[in-house]
Structures are given as C-alpha cells and as structure tokens.
$ cat final.txt   # compact mmCIF, C-alpha atoms and all ligand atoms
# COMPACT_ATOMS: atom_id res chain seq x y z
CA MET A 1 1.87 -9.24 12.64
CA LYS A 2 0.46 -9.39 16.16
CA VAL A 3 -2.43 -7.24 17.34
CA GLY A 4 -3.19 -7.67 21.04
CA GLY A 5 -1.19 -10.92 21.10
CA THR A 6 -3.01 -12.50 18.12
CA GLU A 7 -1.31 -13.06 14.78
CA TYR A 8 -3.15 -11.37 11.86
CA ARG A 9 -2.76 -10.94 8.16
CA THR A 10 -4.39 -7.92 6.56
CA VAL A 11 -6.61 -10.08 4.36
CA TRP A 12 -7.45 -13.77 4.06
CA MET A 13 -10.07 -16.05 2.48
CA GLN A 14 -12.08 -18.84 4.09
CA GLY A 15 -14.64 -20.69 2.00
CA ASN A 16 -16.23 -18.10 -0.29
CA THR A 17 -15.72 -15.19 2.09
CA VAL A 18 -12.84 -12.72 2.26
CA PHE A 19 -11.92 -11.36 5.70
CA LEU A 20 -10.02 -8.11 6.09
CA ILE A 21 -8.91 -5.67 8.74
CA GLU A 22 -11.24 -2.66 8.33
CA GLN A 23 -8.68 0.11 7.85
CA ASN A 24 -11.19 2.97 7.76
CA LEU A 25 -11.84 2.41 11.47
CA LEU A 26 -8.19 2.34 12.51
CA PRO A 27 -6.63 3.53 14.76
CA PHE A 28 -9.81 4.03 16.80
CA SER A 29 -11.19 0.51 16.61
CA PHE A 30 -9.91 -2.81 15.35
CA ARG A 31 -12.57 -4.76 13.44
CA ILE A 32 -12.61 -7.57 10.91
CA HIS A 33 -14.86 -6.93 7.91
CA GLN A 34 -16.31 -9.75 5.81
CA ALA A 35 -16.86 -9.56 2.05
CA ALA A 36 -19.10 -12.45 1.09
CA THR A 37 -19.21 -11.84 -2.68
CA TYR A 38 -16.86 -10.45 -5.31
CA ARG A 39 -19.02 -7.30 -5.45
CA GLU A 40 -18.60 -6.79 -1.70
CA SER A 41 -14.86 -7.26 -2.18
CA CYS A 42 -14.90 -4.56 -4.89
CA GLU A 43 -16.69 -2.24 -2.48
CA SER A 44 -14.00 -2.92 0.15
CA ILE A 45 -11.26 -1.88 -2.28
CA SER A 46 -12.94 1.23 -3.68
CA THR A 47 -13.97 2.55 -0.24
CA MET A 48 -10.48 1.78 1.07
CA ARG A 49 -11.54 -0.57 3.85
CA ILE A 50 -8.44 -2.25 2.47
CA ARG A 51 -5.72 -0.20 0.79
CA GLY A 52 -2.02 -0.24 -0.04
CA ALA A 53 -0.64 -1.86 -3.18
CA GLY A 54 0.06 -5.40 -1.91
CA ALA A 55 -3.13 -5.65 0.16
CA ILE A 56 -5.19 -4.38 -2.78
CA GLY A 57 -3.49 -7.00 -4.97
CA ALA A 58 -4.26 -9.84 -2.57
CA MET A 59 -7.85 -8.64 -2.16
CA ALA A 60 -8.28 -8.37 -5.94
CA GLY A 61 -6.94 -11.92 -6.34
CA PHE A 62 -9.42 -13.21 -3.75
CA ALA A 63 -12.24 -11.23 -5.41
CA MET A 64 -11.40 -12.82 -8.76
CA ALA A 65 -11.47 -16.25 -7.09
CA GLN A 66 -14.86 -15.40 -5.54
CA ALA A 67 -16.12 -14.53 -9.03
CA PHE A 68 -15.14 -17.99 -10.31
CA LEU A 69 -16.88 -19.59 -7.32
CA GLU A 70 -20.03 -17.50 -7.89
CA ALA A 71 -20.22 -17.83 -11.67
CA PRO A 72 -23.42 -19.60 -12.80
CA GLY A 73 -23.07 -22.60 -15.16
CA GLN A 74 -24.95 -21.09 -18.13
CA SER A 75 -23.03 -17.77 -18.40
CA TYR A 76 -19.83 -18.79 -16.64
CA LEU A 77 -17.22 -16.94 -18.69
CA GLU A 78 -19.39 -13.89 -19.27
CA PHE A 79 -19.88 -13.53 -15.50
CA VAL A 80 -16.17 -13.95 -14.77
CA CYS A 81 -15.12 -11.40 -17.43
CA GLU A 82 -17.62 -8.85 -16.15
CA ALA A 83 -16.36 -9.47 -12.61
CA ARG A 84 -12.79 -8.90 -13.76
CA ARG A 85 -13.82 -5.55 -15.29
CA ASP A 86 -15.56 -4.58 -12.03
CA ILE A 87 -12.54 -5.52 -9.91
CA GLU A 88 -10.13 -3.67 -12.20
CA ALA A 89 -12.34 -0.56 -12.08
CA THR A 90 -12.07 -0.23 -8.29
CA ARG A 91 -8.71 1.57 -8.17
CA PRO A 92 -6.50 2.36 -11.17
CA THR A 93 -2.98 3.00 -9.90
CA ALA A 94 -1.72 0.03 -7.85
CA ARG A 95 -0.07 -2.37 -10.29
CA ASN A 96 -0.57 -5.32 -7.92
CA LEU A 97 -4.31 -5.25 -8.54
CA PHE A 98 -3.91 -5.97 -12.27
CA TYR A 99 -1.09 -8.45 -11.64
CA ALA A 100 -3.44 -10.41 -9.36
CA THR A 101 -6.55 -10.36 -11.57
CA GLU A 102 -4.53 -11.60 -14.56
CA LEU A 103 -2.91 -14.49 -12.64
CA VAL A 104 -6.16 -15.63 -11.00
CA TYR A 105 -8.13 -15.25 -14.23
CA GLN A 106 -5.66 -17.43 -16.14
CA ALA A 107 -5.62 -20.05 -13.35
CA GLY A 108 -9.41 -20.03 -13.09
CA LEU A 109 -9.81 -20.82 -16.77
CA LYS A 110 -8.52 -24.29 -15.83
CA THR A 111 -10.71 -24.91 -12.76
CA ARG A 112 -12.39 -22.93 -9.98
CA GLU A 113 -10.06 -24.63 -7.49
CA GLN A 114 -7.03 -23.37 -9.42
CA ALA A 115 -8.37 -19.83 -9.10
CA VAL A 116 -8.60 -20.15 -5.31
CA LEU A 117 -5.14 -21.73 -5.09
CA MET A 118 -3.62 -18.96 -7.21
CA ALA A 119 -5.25 -16.23 -5.10
CA GLN A 120 -3.81 -17.85 -1.98
CA TRP A 121 -0.39 -18.12 -3.64
CA ILE A 122 -0.45 -14.38 -4.43
CA ALA A 123 -1.25 -13.53 -0.81
CA ASP A 124 1.45 -15.87 0.54
CA LYS A 125 4.03 -14.55 -1.91
CA ASP A 126 3.20 -10.96 -0.99
CA ALA A 127 3.92 -11.73 2.69
CA ALA A 128 7.14 -13.62 1.87
CA ASP A 129 8.37 -10.87 -0.50
CA SER A 130 7.73 -8.21 2.12
CA GLN A 131 9.81 -10.13 4.65
CA LYS A 132 12.71 -10.40 2.19
CA ILE A 133 12.44 -6.67 1.42
CA GLY A 134 12.83 -6.09 5.15
CA GLU A 135 16.00 -8.17 5.26
CA PHE A 136 17.61 -6.37 2.31
CA GLY A 137 16.47 -2.97 3.55
CA ASN A 138 17.82 -3.60 7.04
CA SER A 139 21.35 -3.69 5.59
CA LEU A 140 20.96 0.05 4.79
CA ILE A 141 19.94 1.04 8.31
CA LYS A 142 22.64 1.98 10.82
CA ASP A 143 22.18 1.98 14.58
CA GLY A 144 20.68 5.32 15.62
CA PHE A 145 19.18 6.15 12.21
CA GLN A 146 16.29 8.60 11.95
CA ILE A 147 14.09 7.58 9.04
CA GLU A 148 11.29 9.51 7.39
CA THR A 149 8.42 7.71 5.66
CA HIS A 150 5.38 8.90 3.74
CA CYS A 151 1.88 7.38 3.81
CA ASN A 152 1.59 3.78 5.01
CA ALA A 153 3.68 1.09 3.41
CA GLY A 154 3.69 -1.02 6.54
CA TRP A 155 2.07 -4.40 7.05
CA LEU A 156 -1.44 -2.95 6.69
CA ALA A 157 -0.60 -2.00 3.10
CA PHE A 158 0.45 -5.57 2.28
CA VAL A 159 -0.57 -9.01 3.47
CA ASP A 160 2.07 -8.93 6.21
CA PHE A 161 5.38 -7.18 7.14
CA GLY A 162 5.02 -4.31 4.65
CA THR A 163 7.67 -2.75 2.43
CA ALA A 164 8.93 0.65 3.63
CA LEU A 165 8.38 -0.36 7.27
CA SER A 166 9.61 -3.95 6.95
CA PRO A 167 13.31 -2.92 7.16
CA VAL A 168 12.44 -0.77 10.18
CA TYR A 169 10.81 -3.73 11.95
CA ILE A 170 13.79 -5.97 11.27
CA ALA A 171 16.30 -3.29 12.35
CA HIS A 172 14.32 -2.72 15.56
CA ASN A 173 14.00 -6.45 16.28
CA SER A 174 17.73 -6.93 15.76
CA GLY A 175 18.46 -4.39 18.48
CA LYS A 176 19.26 -1.29 16.39
CA LYS A 177 17.95 1.98 17.70
CA VAL A 178 15.70 3.56 15.06
CA PHE A 179 13.42 6.57 15.09
CA VAL A 180 10.73 7.20 12.49
CA TYR A 181 9.37 10.55 11.30
CA VAL A 182 5.87 9.75 10.06
CA ASP A 183 4.45 12.12 7.44
CA GLU A 184 0.84 12.77 8.33
CA THR A 185 -0.20 12.19 4.65
CA ARG A 186 -3.29 14.29 4.08
CA PRO A 187 -6.00 14.03 3.05
CA ARG A 188 -6.63 10.47 4.30
CA SER A 189 -3.84 10.59 6.89
CA GLN A 190 -2.52 7.07 6.30
CA GLY A 191 0.70 8.13 8.06
CA ALA A 192 -0.89 9.69 11.13
CA ARG A 193 -3.52 6.97 11.45
CA LEU A 194 -2.05 3.74 10.12
CA THR A 195 1.76 4.01 10.17
CA ALA A 196 1.68 5.58 13.64
CA TRP A 197 -0.69 2.81 14.84
CA GLU A 198 1.60 0.11 13.45
CA LEU A 199 4.67 1.66 15.08
CA ASN A 200 2.83 2.00 18.38
CA GLN A 201 1.87 -1.69 18.23
CA ALA A 202 5.52 -2.60 17.59
CA GLY A 203 6.93 -0.27 20.27
CA ILE A 204 9.07 1.67 17.77
CA ALA A 205 9.96 5.27 18.62
CA HIS A 206 8.34 7.72 16.22
CA THR A 207 6.62 11.05 15.88
CA ILE A 208 4.02 12.32 13.40
CA ILE A 209 5.01 15.39 11.39
CA PRO A 210 2.83 17.68 9.25
CA ASP A 211 3.29 16.94 5.55
CA ASN A 212 4.94 20.31 5.04
CA ALA A 213 7.60 19.83 7.77
CA GLY A 214 9.88 17.49 5.78
CA ALA A 215 12.10 20.14 4.17
CA TRP A 216 12.71 21.89 7.48
CA LEU A 217 13.61 18.60 9.22
CA MET A 218 15.92 17.53 6.42
CA SER A 219 17.61 20.94 6.35
CA LYS A 220 18.36 20.52 10.07
CA GLY A 221 20.08 17.17 9.49
CA LYS A 222 17.38 15.25 11.35
CA VAL A 223 16.73 12.67 8.62
CA ASP A 224 19.33 9.99 7.75
CA MET A 225 17.27 8.31 5.06
CA MET A 226 13.81 8.24 3.59
CA ILE A 227 12.00 5.01 2.69
CA VAL A 228 8.65 4.99 0.90
CA GLY A 229 6.51 2.34 -0.79
CA ALA A 230 5.29 2.27 -4.38
CA ASP A 231 2.01 1.71 -6.15
CA ARG A 232 3.45 1.25 -9.62
CA ILE A 233 7.00 1.37 -10.95
CA ALA A 234 7.44 2.01 -14.68
CA ALA A 235 10.02 0.20 -16.81
CA ASN A 236 12.42 3.15 -16.48
CA GLY A 237 12.14 3.33 -12.67
CA ASP A 238 9.72 6.29 -12.43
CA THR A 239 7.62 5.51 -9.37
CA ALA A 240 4.01 6.32 -8.51
CA ASN A 241 3.37 6.59 -4.80
CA LYS A 242 1.08 8.52 -2.46
CA ILE A 243 0.65 12.19 -3.35
CA GLY A 244 3.45 14.22 -1.77
CA THR A 245 6.16 11.62 -2.30
CA PHE A 246 7.62 13.54 -5.25
CA GLU A 247 8.11 16.66 -3.14
CA LYS A 248 9.96 14.66 -0.48
CA ALA A 249 12.24 13.13 -3.10
CA ILE A 250 13.17 16.56 -4.47
CA VAL A 251 13.96 17.85 -1.00
CA ALA A 252 15.93 14.71 -0.08
CA LYS A 253 18.08 15.17 -3.20
CA GLU A 254 18.68 18.82 -2.32
CA PHE A 255 20.08 17.79 1.08
CA GLY A 256 21.94 14.65 -0.10
CA ILE A 257 19.67 12.31 1.87
CA PRO A 258 19.29 8.75 0.48
CA PHE A 259 15.78 8.25 -0.86
CA TYR A 260 14.75 4.59 -1.16
CA VAL A 261 11.64 2.99 -2.62
CA ALA A 262 10.70 -0.43 -1.22
CA ALA A 263 8.47 -2.62 -3.41
CA PRO A 264 8.07 -6.20 -4.57
CA THR A 265 8.55 -7.02 -8.26
CA SER A 266 4.75 -7.45 -8.51
CA THR A 267 4.57 -3.63 -8.36
CA PHE A 268 6.75 -3.19 -11.46
CA ASP A 269 4.94 -2.62 -14.75
CA ALA A 270 7.20 -3.65 -17.63
CA GLU A 271 4.52 -2.56 -20.12
CA CYS A 272 4.57 0.99 -18.82
CA PRO A 273 7.58 2.77 -20.39
CA SER A 274 7.71 5.76 -18.02
CA GLY A 275 5.83 7.57 -15.28
CA LYS A 276 3.88 9.58 -17.86
CA GLU A 277 1.83 6.49 -18.71
CA ILE A 278 0.94 5.57 -15.10
CA PRO A 279 -2.79 6.17 -14.48
CA ILE A 280 -3.26 8.47 -11.50
CA GLU A 281 -6.39 8.07 -9.43
CA VAL A 282 -8.34 11.22 -8.57
CA ARG A 283 -10.55 10.62 -5.55
CA SER A 284 -13.56 12.44 -4.13
CA GLN A 285 -13.10 16.07 -3.08
CA ASN A 286 -14.89 15.17 0.15
CA GLU A 287 -11.71 13.46 1.38
CA VAL A 288 -10.07 16.93 1.40
CA LEU A 289 -13.08 18.98 2.51
CA TYR A 290 -14.03 16.75 5.47
CA GLN A 291 -12.00 15.00 8.15
CA ASP A 292 -13.18 12.35 10.57
CA GLY A 293 -11.97 11.24 13.96
CA ILE A 294 -13.12 10.67 17.52
CA THR A 295 -14.15 13.24 20.07
CA GLU A 296 -12.78 13.26 23.62
CA ASP A 297 -15.82 11.27 24.78
CA GLY A 298 -15.25 8.64 22.09
CA ARG A 299 -17.84 9.60 19.43
CA HIS A 300 -16.82 9.13 15.80
CA GLU A 301 -17.46 12.39 13.92
CA LYS A 302 -16.95 13.75 10.45
CA ILE A 303 -16.56 17.51 10.11
CA LEU A 304 -16.09 20.09 7.37
CA VAL A 305 -12.57 21.55 7.66
CA CYS A 306 -12.54 23.89 4.63
CA SER A 307 -14.32 27.07 3.65
CA PRO A 308 -17.98 26.13 2.95
CA GLY A 309 -18.70 26.24 -0.77
CA SER A 310 -15.10 25.78 -1.94
CA THR A 311 -14.22 22.81 -4.09
CA ALA A 312 -11.12 20.62 -3.71
CA LEU A 313 -8.89 18.64 -6.05
CA ASN A 314 -7.73 15.26 -4.76
CA PRO A 315 -5.12 13.43 -6.85
CA ALA A 316 -4.19 10.33 -4.82
CA PHE A 317 -0.71 9.71 -6.25
CA ASP A 318 2.22 11.45 -7.88
CA VAL A 319 5.17 10.16 -9.87
CA THR A 320 8.75 10.51 -8.69
CA PRO A 321 11.16 10.46 -11.65
CA ALA A 322 13.77 7.71 -11.36
CA HIS A 323 16.71 10.11 -11.03
CA TYR A 324 15.50 11.20 -7.59
CA ILE A 325 15.55 7.62 -6.29
CA THR A 326 18.73 6.25 -4.69
CA GLY A 327 17.66 2.61 -4.94
CA ILE A 328 14.69 0.26 -5.05
CA ILE A 329 14.57 -2.41 -2.35
CA THR A 330 12.92 -5.53 -3.80
CA GLU A 331 12.55 -9.13 -2.64
CA LYS A 332 15.42 -10.01 -5.00
CA GLY A 333 17.83 -7.34 -3.78
CA ILE A 334 18.45 -3.61 -3.98
CA ILE A 335 18.67 -2.19 -7.48
CA ARG A 336 19.41 1.14 -9.12
CA PRO A 337 16.22 2.55 -10.62
CA GLY A 338 17.28 2.24 -14.27
CA ALA A 339 15.74 0.42 -17.22
CA GLU A 340 18.53 -2.18 -17.47
CA ALA A 341 18.49 -3.15 -13.77
CA ILE A 342 14.69 -3.38 -13.88
CA ARG A 343 14.74 -5.57 -17.00
CA GLN A 344 17.20 -7.91 -15.31
CA ILE A 345 15.24 -8.20 -12.08
CA LEU A 346 12.00 -8.96 -13.93
CA THR A 347 13.50 -11.84 -15.93
O1 LIG A 401 -4.28 5.17 -1.41
P1 LIG A 401 -3.57 4.07 -0.69
O2 LIG A 401 -3.60 4.19 0.79
O3 LIG A 401 -3.97 2.70 -1.19
O4 LIG A 401 -2.10 4.33 -1.17
C1 LIG A 401 -1.15 3.37 -1.14
C2 LIG A 401 -0.16 3.72 -0.18
O5 LIG A 401 -0.35 3.42 0.98
C3 LIG A 401 1.03 4.40 -0.52
O6 LIG A 401 1.11 5.04 -1.72
C4 LIG A 401 2.18 3.49 -0.19
O7 LIG A 401 3.25 4.25 0.10
C5 LIG A 401 2.47 2.48 -1.27
S1 LIG A 401 1.43 1.14 -1.26
C6 LIG A 401 2.26 0.09 -0.28
$ encode --input "final.txt" --output "structure tokens"
Amino acid sequence: MKVGGTEYRTVWMQGNTVFLIEQNLLPFSFRIHQAATYRESCESISTMRIRGAGAIGAMAGFAMAQAFLEAPGQSYLEFVCEARRDIEATRPTARNLFYATELVYQAGLKTREQAVLMAQWIADKDAADSQKIGEFGNSLIKDGFQIETHCNAGWLAFVDFGTALSPVYIAHNSGKKVFVYVDETRPRSQGARLTAWELNQAGIAHTIIPDNAGAWLMSKGKVDMMIVGADRIAANGDTANKIGTFEKAIVAKEFGIPFYVAAPTSTFDAECPSGKEIPIEVRSQNEVLYQDGITEDGRHEKILVCSPGSTALNPAFDVTPAHYITGIITEKGIIRPGAEAIRQILT
C-alpha cells in the first residue's frame, strides 16, 4: 500500500535485518523500525511494534530465518531451537506465528538460504492471499453499503492489503460507495488509531465509534454487514479475534446482519478442535489503566485514565462460536464455518 506516494509492505527483510512499520507510533508518526537480530524481532512482536495475525506470522518467519543466519557453528541446532522457543513465546494466539516458525524451521534444516527463501515466500503468500480475500469479499459488498469492522485487520495487520479491509479497498477502487464504522477497540485502540489511519490514507469514508455503540447502530439499521479478521480459527469454525468481537457477533445475529470473518488458510488450526482449546493472550493491565496520545502542541504523553490503585484485567482476544458467523472469506473462496467445509479447504 502507498504511504505518501511510496509503496510499503508492513514488514520486509534485507540482509540479516528485518524492517517494519512501527505501529506503536501510528497514527502520529510514520517510522520504519529495524530489528537486527532474532531477539530484536521477538521484542518487536511482543511489544506490538508489529501486530495483526499475518504481519506477526511474516515477522516470526523472518525472525526464524535470522536465527539460522546467526546460529554459531558449534551449537547450531541448539541455538536455532532455543530461538524458535523464544519466537513462539512472544504472542500465543495468532496461528500464523506458529505456521511460520514451523515452515521456516523445516526449510532451515536443509540450508540457511532455504530458511531465508521460505520466510520470504511466507511474506509474499500473505500479501497475495490478502489480495484474493479482497476479491472474494468484494462480491458481498453492494454499492452504498455501510460496513462495521472491529480492531485492525487492514494492511497493517498483514504484509499488504489486509483481510477485513481488503474487500473494502477493492469495492472502493471499483467505484462502489462504501462507508465504514470503525470500532475504537479499547484498550489499544487498533480501530481508532490504525484502521482509521488506513482509511484516511485511502480516502474511504468512515467514522470511529465507541466500542459500546455497535448494538445501537445495528438496531437503527445503520449496518449492512460486519467484517472482522481472525487470529486463529479452530477446526469447527470457532474464531478467536480481538476482544469484543464475540459481542458484535451476538448483536449482529440478533438484528439479522451478516457477520463475516476474513482470514487466509494460514490462520486455520486443524489441530485445534474447537474454540475452547485456543490459547488466549492476557496482556499487561497497564494497557487498560493508561492511554497514550499526543497533546495539542504535539507532545506524546501517556496518562492514567482509571481510578488510581485499581487493577485491570486485559484479555486480548475472545472466541466467537461458529454458529454466529455467516461465512469465512479465504483466499480460496467463501466458506460456511463448519468442520466439513474447513477440512475441504485445508486439503
Ligand atoms: O493484538 P493484535 O493487534 O495483534 O490483534 C490482532 C488483530 O488486529 C485483530 O484481532 C484482527 O482483527 C485480526 S488479525 C488480522
């Protein structure tokens, strides 16, 4: 995608270094961060300089490739296995992370070069899959549609194009009029900060809504469809996505509004029978207790926004049971979220 006229991917590797758009600074400043070692790449994932299932997957693949490049001759395999454990400990929920470490690890057992090539293949495939998801998803969007989305499953969450926003981009570029309701997505505000920034860059009409405004909007007939991303989809179609997604799905069902999940097949976990087995990340309470932003005179500040002394609970994801999901938009087509359809698409 273009930022200020220049084409960018979210993450890329040159030599031994991984380059990424620093998402913690968006939308206030656009900077490229460099991770020179696999450990620096791990830090970038766990601190969410890079986030979103596909982008995390690509970054994890590059980190695994870095580990092969860094591994010393005498304890080569030991180093690589420890690096894999470190990378896989950064964030537990996004399936793409584990998909990427496994593929790059297996390739790297042949040669270091194979590890780098595989990591690059994963990144390229993520971008290509996202584009195809956009094409399939566009077929669901009618001219004049008002679409609600939660969190950020745009191009920043992948290597390029995105999943939930990819159909919106294609619809917009093909001349359809679309309007997007962007859930703010507390506590980290990926909607208000990242999705809104992406839509601004693309010139797509949108407005940010508080997380608790969805039911009211849907009850007023303002939402034609909802599209969200996914961090992990179990074999039965239960879907883990950003905390708050489940509530939206329940409300959408109540009002008969189509609720779509958009995700590449690399997000499906055939080994995970249902949503109950999906590991849910619990992040620092400080993400709830404090908020950061810029003041009117441009200073970046972090402030306490809760009652001093109170604690906070911060589960990062929830699981939407398959029966709330109208369809899953993948790079291979749109499927019903059932075990049989998922088995077929993964073979
Ligand atoms: O915690 P994050 O920002 O890495 O969460 C991922 C997400 O952005 C969402 O859950 C998204 O909808 C799916 S990932 C493309």
$ atom_distance --input "final.txt" --atom1 "atom CA of A:Thr101" --atom2 "atom CA of A:Thr47"
18.7 Å
$ axis_aligned_box --input "final.txt" --around "ligand LIG 401 (chain A)" --padding-each-side "5 Å" --output "JSON"
{"center_x": -0.5, "center_y": 2.6, "center_z": -0.4, "size_x": 17.5, "size_y": 15.1, "size_z": 12.7}
$ closest_atom_pairs --input "final.txt" --of "stretch 231-313 of chain A" --to "stretch 201-217 of chain A" --cutoff "10 Å" --atoms "all atoms listed in the file" --output "JSON lines"
{"residue": "A:Gly244", "atom": "CA", "partner": "A:Asp211", "partner_atom": "CA", "distance": 7.8}
{"residue": "A:Thr245", "atom": "CA", "partner": "A:Asp211", "partner_atom": "CA", "distance": 9.9}
{"residue": "A:Glu247", "atom": "CA", "partner": "A:Ala215", "partner_atom": "CA", "distance": 9.0}
{"residue": "A:Lys248", "atom": "CA", "partner": "A:Gly214", "partner_atom": "CA", "distance": 6.9}
{"residue": "A:Ile250", "atom": "CA", "partner": "A:Ala215", "partner_atom": "CA", "distance": 9.4}
{"residue": "A:Val251", "atom": "CA", "partner": "A:Ala215", "partner_atom": "CA", "distance": 6.0}
{"residue": "A:Ala252", "atom": "CA", "partner": "A:Ala215", "partner_atom": "CA", "distance": 7.9}
{"residue": "A:Glu254", "atom": "CA", "partner": "A:Ala215", "partner_atom": "CA", "distance": 9.3}
{"residue": "A:Phe255", "atom": "CA", "partner": "A:Ala215", "partner_atom": "CA", "distance": 8.9}
$ residues_near_ligand --input "final.txt" --ligand "ligand LIG 401 (chain A)" --cutoff "6 Å" --atoms "only C-alpha atoms and all ligand atoms" --output "number ranges by chain"
A: 51-53, 151-153, 157, 228-231, 241-242
$ write_last_selection --input "final.txt" --atoms "C-alpha atoms" --output "short mmCIF file (atom, residue, chain, number, x, y, z; two decimals), in the coordinates of the input"
data_model
loop_
_atom_site.label_atom_id
_atom_site.label_comp_id
_atom_site.auth_asym_id
_atom_site.auth_seq_id
_atom_site.Cartn_x
_atom_site.Cartn_y
_atom_site.Cartn_z
CA ARG A 51 -5.72 -0.20 0.79
CA GLY A 52 -2.02 -0.24 -0.04
CA ALA A 53 -0.64 -1.86 -3.18
CA CYS A 151 1.88 7.38 3.81
CA ASN A 152 1.59 3.78 5.01
CA ALA A 153 3.68 1.09 3.41
CA ALA A 157 -0.60 -2.00 3.10
CA VAL A 228 8.65 4.99 0.90
CA GLY A 229 6.51 2.34 -0.79
CA ALA A 230 5.29 2.27 -4.38
CA ASP A 231 2.01 1.71 -6.15
CA ASN A 241 3.37 6.59 -4.80
CA LYS A 242 1.08 8.52 -2.46
#
$ atom_distance --input "final.txt" --atom1 "atom CA of A:Arg283" --atom2 "atom CA of A:Met48"
11.0 Å
$ closest_atom_pairs --input "final.txt" --of "stretch 179-244 of chain A" --to "stretch 256-267 of chain A" --cutoff "9 Å" --atoms "all atoms listed in the file" --output "Markdown table"
| residue | atom | partner | partner_atom | distance |
| --- | --- | --- | --- | --- |
| A:Met218 | CA | A:Ile257 | CA | 7.9 |
| A:Val223 | CA | A:Ile257 | CA | 7.4 |
| A:Asp224 | CA | A:Ile257 | CA | 6.3 |
| A:Met225 | CA | A:Pro258 | CA | 5.0 |
| A:Met226 | CA | A:Phe259 | CA | 4.9 |
| A:Ile227 | CA | A:Tyr260 | CA | 4.7 |
| A:Val228 | CA | A:Val261 | CA | 5.0 |
| A:Gly229 | CA | A:Ala262 | CA | 5.0 |
| A:Ala230 | CA | A:Ala263 | CA | 5.9 |
| A:Asp231 | CA | A:Thr267 | CA | 6.3 |
| A:Arg232 | CA | A:Thr267 | CA | 5.2 |
| A:Ile233 | CA | A:Thr267 | CA | 6.1 |
| A:Ala234 | CA | A:Thr267 | CA | 8.9 |
| A:Thr239 | CA | A:Val261 | CA | 8.3 |
$ atom_distance --input "final.txt" --atom1 "atom CA of A:Gln34" --atom2 "atom CA of A:Arg299"
23.7 Å
$ residues_around --input "final.txt" --residues "A:Leu289" --least-positions-apart "3" --cutoff "9 Å" --atoms "only C-alpha atoms" --output "ChimeraX atom specification"
/A:187,285-286,303-308,310-312
$ residues_around --input "final.txt" --residues "A:Tyr169" --least-positions-apart "4" --cutoff "8 Å" --atoms "all atoms listed in the file" --output "list in words"
Gly134, Leu165, Asn173 and Ala202 of chain A
$ closest_residue --input "final.txt" --among "A:Gln291, A:Ser274, A:Gln23, A:Thr149" --to "A:Tyr181" --atoms "all atoms listed in the file"
A:Thr149
$ residues_near_point --input "final.txt" --point "(-15.3, -14.5, -2.8)" --cutoff "9 Å" --atoms "all atoms listed in the file" --output "ChimeraX atom specification"
/A:13-18,35-41,62-70
$ build_atoms --input "final.txt" --residues "stretch 64-78 of chain A" --atoms "N, CA, C and O atoms" --output "CSV table (one decimal), in the coordinates of the input"
chain,number,residue,atom,x,y,z
A,64,MET,N,-11.3,-12.1,-7.5
A,64,MET,CA,-11.4,-12.8,-8.8
A,64,MET,C,-11.7,-14.3,-8.5
A,64,MET,O,-12.6,-14.9,-9.2
A,65,ALA,N,-11.2,-14.9,-7.5
A,65,ALA,CA,-11.5,-16.2,-7.1
A,65,ALA,C,-12.9,-16.4,-6.7
A,65,ALA,O,-13.6,-17.3,-7.1
A,66,GLN,N,-13.4,-15.4,-5.9
A,66,GLN,CA,-14.9,-15.4,-5.5
A,66,GLN,C,-15.7,-15.4,-6.8
A,66,GLN,O,-16.7,-16.1,-6.9
A,67,ALA,N,-15.3,-14.6,-7.8
A,67,ALA,CA,-16.1,-14.5,-9.0
A,67,ALA,C,-16.2,-15.9,-9.7
A,67,ALA,O,-17.3,-16.3,-10.2
A,68,PHE,N,-15.1,-16.6,-9.7
A,68,PHE,CA,-15.1,-18.0,-10.3
A,68,PHE,C,-16.1,-18.9,-9.5
A,68,PHE,O,-16.8,-19.7,-10.1
A,69,LEU,N,-16.0,-18.7,-8.2
A,69,LEU,CA,-16.9,-19.6,-7.3
A,69,LEU,C,-18.4,-19.2,-7.5
A,69,LEU,O,-19.2,-20.1,-7.4
A,70,GLU,N,-18.6,-18.0,-7.8
A,70,GLU,CA,-20.0,-17.5,-7.9
A,70,GLU,C,-20.6,-17.7,-9.3
A,70,GLU,O,-21.8,-17.7,-9.5
A,71,ALA,N,-19.7,-17.8,-10.3
A,71,ALA,CA,-20.2,-17.8,-11.7
A,71,ALA,C,-21.2,-18.9,-11.9
A,71,ALA,O,-21.0,-20.1,-11.6
A,72,PRO,N,-22.4,-18.6,-12.5
A,72,PRO,CA,-23.4,-19.6,-12.8
A,72,PRO,C,-23.0,-20.4,-14.0
A,72,PRO,O,-22.4,-19.9,-14.9
A,73,GLY,N,-23.4,-21.7,-14.1
A,73,GLY,CA,-23.1,-22.6,-15.2
A,73,GLY,C,-23.4,-22.1,-16.6
A,73,GLY,O,-22.5,-22.1,-17.4
A,74,GLN,N,-24.5,-21.4,-16.7
A,74,GLN,CA,-25.0,-21.1,-18.1
A,74,GLN,C,-24.2,-19.9,-18.7
A,74,GLN,O,-24.0,-19.8,-19.9
A,75,SER,N,-23.8,-18.9,-17.8
A,75,SER,CA,-23.0,-17.8,-18.4
A,75,SER,C,-21.7,-17.6,-17.6
A,75,SER,O,-21.3,-16.5,-17.3
A,76,TYR,N,-21.0,-18.7,-17.5
A,76,TYR,CA,-19.8,-18.8,-16.6
A,76,TYR,C,-18.8,-17.7,-17.0
A,76,TYR,O,-18.4,-16.9,-16.2
A,77,LEU,N,-18.3,-17.8,-18.3
A,77,LEU,CA,-17.2,-16.9,-18.7
A,77,LEU,C,-17.6,-15.5,-18.8
A,77,LEU,O,-16.9,-14.6,-18.4
A,78,GLU,N,-18.9,-15.3,-19.2
A,78,GLU,CA,-19.4,-13.9,-19.3
A,78,GLU,C,-19.4,-13.2,-17.9
A,78,GLU,O,-18.9,-12.1,-17.7
